[in-house]
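Listing of coords03.pdb, PDB, C-alpha atoms, pLDDT in the B column
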```
ATOM      1  CA  MET L   1      94.345  88.514  93.667  1.00 97.00           C
ATOM      2  CA  GLU L   2      91.671  85.883  93.375  1.00 98.00           C
ATOM      3  CA  ARG L   3      89.032  86.037  96.093  1.00 98.00           C
ATOM      4  CA  SER L   4      89.437  82.300  96.676  1.00 98.00           C
ATOM      5  CA  ARG L   5      93.165  82.819  97.345  1.00 98.00           C
ATOM      6  CA  ILE L   6      92.459  85.635  99.793  1.00 98.00           C
ATOM      7  CA  ASP L   7      89.889  83.622 101.743  1.00 98.00           C
ATOM      8  CA  ALA L   8      92.167  80.571 101.835  1.00 98.00           C
ATOM      9  CA  ALA L   9      95.012  82.734 103.166  1.00 98.00           C
ATOM     10  CA  ILE L  10      92.797  83.963 106.001  1.00 98.00           C
ATOM     11  CA  ASP L  11      91.703  80.395 106.787  1.00 98.00           C
ATOM     12  CA  GLY L  12      95.368  79.392 106.947  1.00 98.00           C
ATOM     13  CA  ALA L  13      96.324  82.319 109.185  1.00 98.00           C
ATOM     14  CA  ARG L  14      93.527  81.510 111.606  1.00 98.00           C
ATOM     15  CA  GLU L  15      94.603  77.867 111.744  1.00 98.00           C
ATOM     16  CA  LEU L  16      98.242  78.815 112.357  1.00 98.00           C
ATOM     17  CA  ALA L  17      97.260  81.185 115.152  1.00 98.00           C
ATOM     18  CA  ALA L  18      95.183  78.468 116.838  1.00 98.00           C
ATOM     19  CA  GLU L  19      97.996  75.915 116.521  1.00 97.00           C
ATOM     20  CA  ALA L  20     100.444  78.396 118.075  1.00 97.00           C
ATOM     21  CA  GLY L  21      98.089  79.216 120.951  1.00 97.00           C
ATOM     22  CA  ILE L  22      97.575  82.802 119.754  1.00 97.00           C
ATOM     23  CA  ALA L  23      94.004  83.737 120.609  1.00 97.00           C
ATOM     24  CA  LEU L  24      92.532  86.242 118.167  1.00 98.00           C
ATOM     25  CA  PRO L  25      89.542  88.520 118.871  1.00 98.00           C
ATOM     26  CA  GLY L  26      86.092  87.228 118.065  1.00 97.00           C
ATOM     27  CA  PHE L  27      85.767  89.402 114.969  1.00 97.00           C
ATOM     28  CA  ALA L  28      88.685  87.514 113.379  1.00 98.00           C
ATOM     29  CA  ALA L  29      86.265  84.603 112.912  1.00 98.00           C
ATOM     30  CA  TRP L  30      83.429  86.711 111.504  1.00 98.00           C
ATOM     31  CA  ALA L  31      82.200  85.846 108.040  1.00 97.00           C
ATOM     32  CA  ARG L  32      81.454  88.584 105.538  1.00 97.00           C
ATOM     33  CA  SER L  33      77.773  88.188 106.299  1.00 97.00           C
ATOM     34  CA  ASP L  34      78.422  88.759 110.016  1.00 97.00           C
ATOM     35  CA  TRP L  35      80.135  92.093 109.311  1.00 97.00           C
ATOM     36  CA  LEU L  36      77.417  93.204 106.930  1.00 96.00           C
ATOM     37  CA  ALA L  37      74.712  92.296 109.428  1.00 96.00           C
ATOM     38  CA  ALA L  38      76.499  94.132 112.257  1.00 95.00           C
ATOM     39  CA  ALA L  39      77.484  97.220 110.244  1.00 95.00           C
ATOM     40  CA  PRO L  40      74.259  99.232 110.749  1.00 94.00           C
ATOM     41  CA  ALA L  41      74.500  98.881 114.539  1.00 95.00           C
ATOM     42  CA  PRO L  42      76.296 101.747 116.371  1.00 95.00           C
ATOM     43  CA  ALA L  43      78.350  99.219 118.371  1.00 96.00           C
ATOM     44  CA  ALA L  44      80.065  97.952 115.202  1.00 95.00           C
ATOM     45  CA  ARG L  45      80.998 101.357 113.817  1.00 94.00           C
ATOM     46  CA  PRO L  46      84.239 101.793 115.814  1.00 96.00           C
ATOM     47  CA  ALA L  47      85.643  98.474 114.558  1.00 97.00           C
ATOM     48  CA  LEU L  48      84.892  99.431 110.958  1.00 97.00           C
ATOM     49  CA  GLU L  49      86.111 103.010 111.310  1.00 96.00           C
ATOM     50  CA  ARG L  50      89.368 101.869 112.954  1.00 97.00           C
ATOM     51  CA  GLY L  51      89.983  99.166 110.366  1.00 98.00           C
ATOM     52  CA  LEU L  52      89.942  96.145 112.648  1.00 98.00           C
ATOM     53  CA  GLY L  53      90.018  92.819 110.859  1.00 98.00           C
ATOM     54  CA  TRP L  54      91.667  90.992 107.975  1.00 98.00           C
ATOM     55  CA  ASP L  55      93.883  92.381 105.256  1.00 98.00           C
ATOM     56  CA  VAL L  56      95.517  90.203 102.569  1.00 98.00           C
ATOM     57  CA  THR L  57      97.733  91.875  99.992  1.00 98.00           C
ATOM     58  CA  ASP L  58     100.122  91.135  97.161  1.00 98.00           C
ATOM     59  CA  PHE L  59     101.063  94.843  96.933  1.00 98.00           C
ATOM     60  CA  GLY L  60      99.875  94.853  93.340  1.00 96.00           C
ATOM     61  CA  ARG L  61     102.668  92.498  92.242  1.00 96.00           C
ATOM     62  CA  ASP L  62     100.411  89.570  91.253  1.00 96.00           C
ATOM     63  CA  ASP L  63     102.947  87.190  92.822  1.00 97.00           C
ATOM     64  CA  PHE L  64     101.569  86.478  96.283  1.00 98.00           C
ATOM     65  CA  ASP L  65     103.909  83.547  96.985  1.00 97.00           C
ATOM     66  CA  ARG L  66     106.904  85.864  96.625  1.00 98.00           C
ATOM     67  CA  VAL L  67     105.540  89.292  97.614  1.00 98.00           C
ATOM     68  CA  GLY L  68     102.618  89.430 100.003  1.00 98.00           C
ATOM     69  CA  LEU L  69     101.386  89.408 103.574  1.00 98.00           C
ATOM     70  CA  VAL L  70      98.374  88.376 105.659  1.00 98.00           C
ATOM     71  CA  LEU L  71      97.466  90.777 108.458  1.00 98.00           C
ATOM     72  CA  CYS L  72      94.777  91.111 111.097  1.00 98.00           C
ATOM     73  CA  THR L  73      94.469  94.490 112.802  1.00 98.00           C
ATOM     74  CA  LEU L  74      93.591  93.653 116.400  1.00 98.00           C
ATOM     75  CA  ARG L  75      93.307  97.200 117.770  1.00 98.00           C
ATOM     76  CA  ASN L  76      93.784 100.694 116.421  1.00 98.00           C
ATOM     77  CA  GLY L  77      93.120 104.299 117.316  1.00 98.00           C
ATOM     78  CA  THR L  78      91.574 106.931 115.100  1.00 97.00           C
ATOM     79  CA  LEU L  79      93.412 109.653 113.219  1.00 96.00           C
ATOM     80  CA  ALA L  80      91.808 112.208 115.539  1.00 97.00           C
ATOM     81  CA  GLU L  81      93.219 110.393 118.567  1.00 97.00           C
ATOM     82  CA  ARG L  82      96.607 110.240 116.869  1.00 97.00           C
ATOM     83  CA  ASP L  83      96.592 113.941 116.080  1.00 97.00           C
ATOM     84  CA  THR L  84      95.472 115.066 119.539  1.00 97.00           C
ATOM     85  CA  GLY L  85      97.654 112.554 121.386  1.00 97.00           C
ATOM     86  CA  ALA L  86      94.692 111.503 123.531  1.00 98.00           C
ATOM     87  CA  GLY L  87      92.660 108.308 123.676  1.00 97.00           C
ATOM     88  CA  GLN L  88      93.778 105.200 121.799  1.00 98.00           C
ATOM     89  CA  THR L  89      97.082 106.336 120.301  1.00 98.00           C
ATOM     90  CA  TYR L  90      98.360 102.828 119.489  1.00 98.00           C
ATOM     91  CA  ALA L  91      97.704  99.855 117.224  1.00 98.00           C
ATOM     92  CA  GLU L  92      98.487  96.139 117.084  1.00 98.00           C
ATOM     93  CA  LYS L  93      98.520  93.644 114.215  1.00 98.00           C
ATOM     94  CA  PHE L  94      98.966  89.900 113.794  1.00 98.00           C
ATOM     95  CA  LEU L  95     100.985  89.005 110.682  1.00 98.00           C
ATOM     96  CA  VAL L  96     101.633  85.792 108.749  1.00 98.00           C
ATOM     97  CA  ALA L  97     104.263  85.344 106.024  1.00 98.00           C
ATOM     98  CA  GLN L  98     105.116  82.156 104.176  1.00 98.00           C
ATOM     99  CA  ASP L  99     108.713  81.026 103.666  1.00 98.00           C
ATOM    100  CA  GLY L 100     110.498  83.641 101.550  1.00 97.00           C
ATOM    101  CA  GLN L 101     107.400  85.825 101.223  1.00 98.00           C
ATOM    102  CA  GLU L 102     108.428  89.489 101.327  1.00 98.00           C
ATOM    103  CA  THR L 103     106.822  92.753 102.337  1.00 98.00           C
ATOM    104  CA  PRO L 104     108.500  95.259  99.981  1.00 98.00           C
ATOM    105  CA  MET L 105     110.566  98.294 100.953  1.00 98.00           C
ATOM    106  CA  HIS L 106     108.419 101.102 102.340  1.00 98.00           C
ATOM    107  CA  LEU L 107     108.270 103.708 105.076  1.00 98.00           C
ATOM    108  CA  HIS L 108     105.690 105.475 107.211  1.00 98.00           C
ATOM    109  CA  ARG L 109     105.718 109.237 107.649  1.00 97.00           C
ATOM    110  CA  ARG L 110     103.798 109.217 110.930  1.00 97.00           C
ATOM    111  CA  LYS L 111     104.030 105.742 112.412  1.00 98.00           C
ATOM    112  CA  THR L 112     106.815 104.230 114.504  1.00 98.00           C
ATOM    113  CA  GLU L 113     106.382 100.491 114.951  1.00 98.00           C
ATOM    114  CA  ASP L 114     107.909  97.445 116.580  1.00 98.00           C
ATOM    115  CA  ILE L 115     107.968  94.339 114.376  1.00 98.00           C
ATOM    116  CA  ILE L 116     108.024  91.216 116.553  1.00 98.00           C
ATOM    117  CA  ASN L 117     108.767  87.603 115.728  1.00 98.00           C
ATOM    118  CA  ARG L 118     105.983  85.730 117.537  1.00 98.00           C
ATOM    119  CA  GLY L 119     107.056  82.259 116.402  1.00 98.00           C
ATOM    120  CA  GLY L 120     107.919  79.895 113.599  1.00 97.00           C
ATOM    121  CA  ALA L 121     110.561  80.920 111.076  1.00 98.00           C
ATOM    122  CA  ALA L 122     113.179  83.632 111.370  1.00 98.00           C
ATOM    123  CA  LEU L 123     112.105  87.192 110.588  1.00 98.00           C
ATOM    124  CA  VAL L 124     114.627  89.010 108.393  1.00 98.00           C
ATOM    125  CA  VAL L 125     114.422  92.807 108.259  1.00 98.00           C
ATOM    126  CA  GLU L 126     116.343  95.365 106.205  1.00 98.00           C
ATOM    127  CA  LEU L 127     116.390  99.020 107.264  1.00 98.00           C
ATOM    128  CA  ARG L 128     117.495 102.010 105.203  1.00 97.00           C
ATOM    129  CA  PRO L 129     117.407 105.745 105.917  1.00 97.00           C
ATOM    130  CA  GLU L 130     115.205 107.708 103.549  1.00 96.00           C
ATOM    131  CA  THR L 131     118.259 109.482 102.168  1.00 92.00           C
ATOM    132  CA  GLY L 132     121.890 108.448 102.239  1.00 87.00           C
ATOM    133  CA  ASP L 133     123.260 105.080 103.263  1.00 88.00           C
ATOM    134  CA  GLY L 134     124.294 105.540 106.883  1.00 92.00           C
ATOM    135  CA  ASP L 135     123.428 103.326 109.829  1.00 97.00           C
ATOM    136  CA  VAL L 136     119.932 103.311 111.299  1.00 98.00           C
ATOM    137  CA  VAL L 137     120.158 103.752 115.059  1.00 98.00           C
ATOM    138  CA  THR L 138     117.186 102.025 116.648  1.00 98.00           C
ATOM    139  CA  LEU L 139     116.166  99.497 119.308  1.00 98.00           C
ATOM    140  CA  VAL L 140     116.595  95.747 118.904  1.00 98.00           C
ATOM    141  CA  ASP L 141     114.977  93.915 121.813  1.00 96.00           C
ATOM    142  CA  GLY L 142     114.939  97.220 123.689  1.00 96.00           C
ATOM    143  CA  LEU L 143     118.694  97.800 123.337  1.00 98.00           C
ATOM    144  CA  GLU L 144     120.084 100.603 121.202  1.00 98.00           C
ATOM    145  CA  ARG L 145     121.873  99.366 118.120  1.00 97.00           C
ATOM    146  CA  ALA L 146     123.266 100.827 114.916  1.00 98.00           C
ATOM    147  CA  VAL L 147     121.940  98.674 112.071  1.00 97.00           C
ATOM    148  CA  ARG L 148     123.902  98.963 108.836  1.00 97.00           C
ATOM    149  CA  ALA L 149     121.737 100.156 105.952  1.00 96.00           C
ATOM    150  CA  GLY L 150     120.560  97.254 103.837  1.00 95.00           C
ATOM    151  CA  ALA L 151     122.181  94.611 106.045  1.00 97.00           C
ATOM    152  CA  PRO L 152     119.827  91.705 106.848  1.00 98.00           C
ATOM    153  CA  LEU L 153     118.842  91.765 110.514  1.00 98.00           C
ATOM    154  CA  ARG L 154     117.806  88.256 111.534  1.00 98.00           C
ATOM    155  CA  LEU L 155     115.306  88.013 114.375  1.00 98.00           C
ATOM    156  CA  GLU L 156     114.455  84.692 115.971  1.00 98.00           C
ATOM    157  CA  PRO L 157     111.160  84.002 117.794  1.00 98.00           C
ATOM    158  CA  GLY L 158     110.706  86.452 120.640  1.00 98.00           C
ATOM    159  CA  GLN L 159     112.986  89.091 119.155  1.00 98.00           C
ATOM    160  CA  SER L 160     111.865  92.460 117.808  1.00 98.00           C
ATOM    161  CA  VAL L 161     113.093  95.620 116.116  1.00 98.00           C
ATOM    162  CA  GLN L 162     111.778  99.147 116.300  1.00 98.00           C
ATOM    163  CA  VAL L 163     111.270 100.828 112.929  1.00 98.00           C
ATOM    164  CA  PRO L 164     111.202 104.613 113.375  1.00 98.00           C
ATOM    165  CA  ALA L 165     108.939 106.778 111.253  1.00 98.00           C
ATOM    166  CA  GLY L 166     110.715 107.844 108.084  1.00 98.00           C
ATOM    167  CA  VAL L 167     112.911 104.728 107.831  1.00 98.00           C
ATOM    168  CA  PHE L 168     112.577 102.455 104.819  1.00 98.00           C
ATOM    169  CA  HIS L 169     112.150  98.792 105.705  1.00 98.00           C
ATOM    170  CA  ARG L 170     111.332  95.454 104.141  1.00 98.00           C
ATOM    171  CA  PHE L 171     111.022  92.042 105.750  1.00 98.00           C
ATOM    172  CA  TRP L 172     110.462  88.386 104.954  1.00 98.00           C
ATOM    173  CA  ALA L 173     110.196  84.918 106.482  1.00 98.00           C
ATOM    174  CA  ASP L 174     113.217  82.620 106.333  1.00 98.00           C
ATOM    175  CA  GLY L 175     113.030  78.902 107.005  1.00 98.00           C
ATOM    176  CA  GLY L 176     109.291  78.309 107.219  1.00 98.00           C
ATOM    177  CA  VAL L 177     106.077  80.095 108.087  1.00 98.00           C
ATOM    178  CA  LEU L 178     106.488  83.234 110.181  1.00 98.00           C
ATOM    179  CA  LEU L 179     104.015  84.409 112.795  1.00 98.00           C
ATOM    180  CA  ALA L 180     104.738  88.029 113.595  1.00 98.00           C
ATOM    181  CA  GLY L 181     103.259  90.981 115.404  1.00 98.00           C
ATOM    182  CA  GLU L 182     103.307  94.722 114.993  1.00 98.00           C
ATOM    183  CA  VAL L 183     102.832  97.189 117.831  1.00 98.00           C
ATOM    184  CA  SER L 184     102.778 100.790 116.701  1.00 98.00           C
ATOM    185  CA  ALA L 185     101.353 104.249 116.790  1.00 98.00           C
ATOM    186  CA  VAL L 186      97.928 104.617 115.190  1.00 98.00           C
ATOM    187  CA  ASN L 187      97.899 102.772 111.879  1.00 98.00           C
ATOM    188  CA  ASP L 188      96.811 104.538 108.674  1.00 98.00           C
ATOM    189  CA  ASP L 189      97.248 102.221 105.702  1.00 97.00           C
ATOM    190  CA  VAL L 190      95.391 104.582 103.371  1.00 95.00           C
ATOM    191  CA  ASP L 191      97.772 107.557 103.514  1.00 96.00           C
ATOM    192  CA  ASP L 192     100.839 106.604 105.576  1.00 98.00           C
ATOM    193  CA  ASN L 193     102.656 104.137 103.304  1.00 97.00           C
ATOM    194  CA  VAL L 194     105.405 105.281 100.953  1.00 97.00           C
ATOM    195  CA  PHE L 195     106.818 102.450  98.820  1.00 98.00           C
ATOM    196  CA  HIS L 196     110.338 102.673  97.454  1.00 96.00           C
ATOM    197  CA  ASP L 197     109.008 101.209  94.206  1.00 96.00           C
ATOM    198  CA  PRO L 198     105.489 102.631  93.883  1.00 95.00           C
ATOM    199  CA  SER L 199     103.001  99.911  94.801  1.00 95.00           C
ATOM    200  CA  PRO L 200      99.346  99.819  95.797  1.00 97.00           C
ATOM    201  CA  ARG L 201      98.854  98.962  99.439  1.00 97.00           C
ATOM    202  CA  TYR L 202      95.753  96.863  98.738  1.00 97.00           C
ATOM    203  CA  PRO L 203      95.269  94.287  95.969  1.00 96.00           C
ATOM    204  CA  SER L 204      92.964  94.335  93.007  1.00 96.00           C
ATOM    205  CA  VAL L 205      90.504  91.516  93.699  1.00 97.00           C
ATOM    206  CA  SER L 206      89.242  89.069  91.096  1.00 97.00           C
ATOM    207  CA  GLU L 207      85.903  87.646  92.188  1.00 98.00           C
ATOM    208  CA  ASP L 208      86.489  84.033  91.155  1.00 98.00           C
ATOM    209  CA  ALA L 209      84.399  82.708  94.078  1.00 98.00           C
ATOM    210  CA  PRO L 210      81.807  84.017  96.535  1.00 97.00           C
ATOM    211  CA  ALA L 211      83.548  86.100  99.205  1.00 98.00           C
ATOM    212  CA  ARG L 212      83.540  84.513 102.665  1.00 98.00           C
ATOM    213  CA  TYR L 213      85.431  87.265 104.507  1.00 98.00           C
ATOM    214  CA  LEU L 214      85.184  91.062 104.451  1.00 98.00           C
ATOM    215  CA  LEU L 215      88.542  92.782 104.021  1.00 98.00           C
ATOM    216  CA  VAL L 216      89.591  95.971 105.784  1.00 98.00           C
ATOM    217  CA  SER L 217      90.035  97.547 102.351  1.00 97.00           C
ATOM    218  CA  GLU L 218      86.301  97.028 101.746  1.00 97.00           C
ATOM    219  CA  TYR L 219      85.080  98.786 104.895  1.00 96.00           C
ATOM    220  CA  ALA L 220      84.806 102.243 103.309  1.00 93.00           C
ATOM    221  CA  GLU L 221      82.172 100.954 100.920  1.00 92.00           C
ATOM    222  CA  VAL L 222      80.251  99.342 103.780  1.00 90.00           C
ATOM    223  CA  LEU L 223      80.404 102.543 105.842  1.00 90.00           C
ATOM    224  CA  ALA L 224      79.262 104.633 102.885  1.00 88.00           C
ATOM    225  CA  GLY L 225      76.323 102.294 102.311  1.00 75.00           C
TER     226      GLY L 225
END
```

Please lay out the structure from this file as structure tokens.
Amino acid sequence: MERSRIDAAIDGARELAAEAGIALPGFAAWARSDWLAAAPAPAARPALERGLGWDVTDFGRDDFDRVGLVLCTLRNGTLAERDTGAGQTYAEKFLVAQDGQETPMHLHRRKTEDIINRGGAALVVELRPETGDGDVVTLVDGLERAVRAGAPLRLEPGQSVQVPAGVFHRFWADGGVLLAGEVSAVNDDVDDNVFHDPSPRYPSVSEDAPARYLLVSEYAEVLAG
């Protein structure tokens, strides 16, 4: 993806959040230079180590309008907290998808998550078991429901679905721009994504313009430096 496209997508997501009255943490407004200046300070290390901040991806498809997502991780625990079951064992993300823009079929081995329609367009979700083609029994708005494998589940603003660990899922916006949320167990986007059609989780970035934002996928380099 072009850097200019990534930065413009973050600008747009921030504007949409403000228009919808969704207040994001202060670090969501930080420029790349702000992160780099803060990185050496001990107070900033937890945010970097937990992957808080912006993530824009086309899942390696080079077709962001059709396959892609803008995310901001608002809070997240560490893998140690996940594994011991103590401390911050949860995560939350803010998501933006354009009309028809899809997050491709994937599953998480360790993470159960709720995907929530926060406003705007309809959120359409497909669930599939890892093997076979039976129903997926899960929670839709807190009520148990058997969702037929591969059947589109349409969620209007305010509605949500729980996606259990080990269940394939894909989702997209229908009818406009979607503002969504994800509440889950500790998030590990490095090792806990299995795509039905093998795909990179993070994009390859073409530096066509000076970078204005620092992406979550770039934190490891900052921490190593």

Once the PyMOL selection byres ((chain L and resi 140) around 6) has been applied to the shown file, what residues remain in the selection, as a PyMOL selection string?
chain L and resi 139+141-143+160-161

Target residues per the PyMOL selection byres ((chain L and resi 56) around 7), formatted as a ChimeraX atom specification:
/L:6,54-55,57,69-71

Can you list what the PyMOL selection byres ((chain L and resi 192) around 9) grabs from this structure, as a PyMOL selection string?
chain L and resi 107-111+187-191+193-194

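Proximity of L:Trp30, L:Phe168, L:Phe195, L:Phe94 to Tyr213 in chain L, computed with only C-alpha atoms, is greatest for L:Trp30.
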
If you count all atoms listed in the file, the residue of L:Pro129, L:Gly225, L:Gly77, L:Gly175 closest to Ala47 in chain L turns out to be L:Gly77

note - CA of Gly51 in chain L and CA of Glu182 in chain L are separated by 14.8 Å

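Considering all atoms listed in the file, the residue among L:Asp34, L:Glu49, L:Glu156, L:Asp63 positioned nearest to Val216 in chain L is L:Glu49.
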
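One finds CA of Ile115 in chain L at 15.4 Å from CA of Val137 in chain L.
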
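Our summary of the geometry notes that CA of Arg66 in chain L is positioned 23.1 Å from CA of Asp114 in chain L.
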
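Between Asp174 in chain L and the residues L:Asp65, L:Glu144, L:Glu126, L:Asp99, the shortest atom-to-atom distance, using only C-alpha atoms, involves L:Asp99.
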
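Among the candidates L:Leu24, L:Val147, L:Ala39, L:Val205, the one nearest to Asp133 in chain L when counting all atoms listed in the file is L:Val147.
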
At a cut-off of 12 Å, can you tabulate as a tab-separated table every residue of range 96-132 of chain L near range 200-203 of chain L together with its closest atom pair and the distance in Å to one decimal, using all atoms listed in the file and ordering rows by chain then number?
```
residue	atom	partner	partner_atom	distance
L:Thr103	CA	L:Arg201	CA	10.5
L:Pro104	CA	L:Arg201	CA	10.3
L:Met105	CA	L:Arg201	CA	11.8
L:His106	CA	L:Arg201	CA	10.2
L:Leu107	CA	L:Arg201	CA	12.0
```

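For Leu95 in chain L, the list of residues within 7 Å, based on all atoms listed in the file and with local chain neighbours fewer than 2 positions off taken out, reads L:Val70, L:Leu71, L:Cys72, L:Lys93, L:Ala97, L:Leu179, L:Ala180, L:Gly181.
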
Counting only C-alpha atoms, figure out which residue out of L:Phe27, L:Ser204, L:Val177, L:Arg148 gets nearest to Gly12 in chain L.
L:Val177

List as a PyMOL selection string the residues having at least one atom at most 10 Å from position (80.9, 102.1, 104.3) as given in the file, counting all atoms listed in the file.
chain L and resi 36+39-40+45+48-49+218-225

Quick one: everything within 12 Å of Ala209 in chain L, counting all atoms listed in the file, minus sequence neighbours fewer than 2 positions away in the same chain. Send it as a ChimeraX atom specification.
/L:1-8,205-207,211-213

Emit range 143-214 of chain L of the structure in the block as a file comprising C-alpha atoms, as an mmCIF file, in the first residue's frame.
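As written to disk, selection13.cif reads:
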```
data_model
loop_
_atom_site.group_PDB
_atom_site.id
_atom_site.type_symbol
_atom_site.label_atom_id
_atom_site.label_comp_id
_atom_site.auth_asym_id
_atom_site.auth_seq_id
_atom_site.Cartn_x
_atom_site.Cartn_y
_atom_site.Cartn_z
ATOM 1 C CA LEU L 143 -28.594 -14.621 22.979
ATOM 2 C CA GLU L 144 -27.548 -18.102 21.914
ATOM 3 C CA ARG L 145 -28.094 -18.750 18.238
ATOM 4 C CA ALA L 146 -27.136 -21.380 15.687
ATOM 5 C CA VAL L 147 -25.721 -19.518 12.683
ATOM 6 C CA ARG L 148 -25.691 -21.524 9.463
ATOM 7 C CA ALA L 149 -22.188 -21.903 8.046
ATOM 8 C CA GLY L 150 -21.534 -19.365 5.324
ATOM 9 C CA ALA L 151 -24.916 -17.660 5.699
ATOM 10 C CA PRO L 152 -24.648 -13.847 5.827
ATOM 11 C CA LEU L 153 -25.494 -12.570 9.301
ATOM 12 C CA ARG L 154 -26.615 -8.954 9.009
ATOM 13 C CA LEU L 155 -26.024 -6.771 12.053
ATOM 14 C CA GLU L 156 -27.472 -3.285 12.288
ATOM 15 C CA PRO L 157 -25.986 -0.519 14.480
ATOM 16 C CA GLY L 158 -25.874 -1.637 18.092
ATOM 17 C CA GLN L 159 -25.890 -5.339 17.280
ATOM 18 C CA SER L 160 -22.982 -7.721 17.819
ATOM 19 C CA VAL L 161 -21.857 -11.307 17.331
ATOM 20 C CA GLN L 162 -19.417 -13.382 19.316
ATOM 21 C CA VAL L 163 -16.793 -15.174 17.229
ATOM 22 C CA PRO L 164 -15.345 -18.090 19.209
ATOM 23 C CA ALA L 165 -11.696 -19.037 18.884
ATOM 24 C CA GLY L 166 -11.222 -21.552 16.094
ATOM 25 C CA VAL L 167 -14.152 -20.310 13.981
ATOM 26 C CA PHE L 168 -13.494 -18.934 10.513
ATOM 27 C CA HIS L 169 -15.100 -15.558 9.874
ATOM 28 C CA ARG L 170 -15.160 -12.750 7.351
ATOM 29 C CA PHE L 171 -17.077 -9.486 7.411
ATOM 30 C CA TRP L 172 -17.819 -6.400 5.353
ATOM 31 C CA ALA L 173 -19.759 -3.134 5.308
ATOM 32 C CA ASP L 174 -23.040 -2.984 3.400
ATOM 33 C CA GLY L 175 -24.762 0.259 2.488
ATOM 34 C CA GLY L 176 -22.162 2.848 3.445
ATOM 35 C CA VAL L 177 -19.268 3.371 5.816
ATOM 36 C CA LEU L 178 -19.209 1.060 8.826
ATOM 37 C CA LEU L 179 -17.940 2.036 12.257
ATOM 38 C CA ALA L 180 -17.343 -1.109 14.260
ATOM 39 C CA GLY L 181 -15.747 -2.286 17.460
ATOM 40 C CA GLU L 182 -14.023 -5.413 18.646
ATOM 41 C CA VAL L 183 -13.883 -6.534 22.264
ATOM 42 C CA SER L 184 -11.815 -9.647 22.797
ATOM 43 C CA ALA L 185 -9.275 -11.627 24.701
ATOM 44 C CA VAL L 186 -5.703 -10.372 24.399
ATOM 45 C CA ASN L 187 -4.970 -9.575 20.766
ATOM 46 C CA ASP L 188 -1.929 -11.078 19.016
ATOM 47 C CA ASP L 189 -1.914 -10.086 15.354
ATOM 48 C CA VAL L 190 1.590 -11.458 14.820
ATOM 49 C CA ASP L 191 0.905 -15.141 15.533
ATOM 50 C CA ASP L 192 -2.839 -15.629 16.091
ATOM 51 C CA ASN L 193 -4.289 -15.129 12.599
ATOM 52 C CA VAL L 194 -4.917 -18.071 10.287
ATOM 53 C CA PHE L 195 -6.264 -17.025 6.873
ATOM 54 C CA HIS L 196 -8.330 -19.441 4.823
ATOM 55 C CA ASP L 197 -6.440 -18.218 1.758
ATOM 56 C CA PRO L 198 -2.924 -17.488 3.027
ATOM 57 C CA SER L 199 -2.523 -13.725 3.369
ATOM 58 C CA PRO L 200 -0.131 -11.419 5.190
ATOM 59 C CA ARG L 201 -1.740 -9.681 8.127
ATOM 60 C CA TYR L 202 0.133 -6.425 7.490
ATOM 61 C CA PRO L 203 0.672 -4.672 4.147
ATOM 62 C CA SER L 204 3.839 -4.067 2.225
ATOM 63 C CA VAL L 205 4.277 -0.289 2.322
ATOM 64 C CA SER L 206 5.409 1.825 -0.610
ATOM 65 C CA GLU L 207 6.948 5.050 0.653
ATOM 66 C CA ASP L 208 5.428 7.417 -1.905
ATOM 67 C CA ALA L 209 5.202 10.263 0.648
ATOM 68 C CA PRO L 210 6.693 11.163 4.030
ATOM 69 C CA ALA L 211 4.999 9.091 6.740
ATOM 70 C CA ARG L 212 2.783 11.111 9.083
ATOM 71 C CA TYR L 213 1.626 8.241 11.312
ATOM 72 C CA LEU L 214 3.446 5.306 12.911
#
```
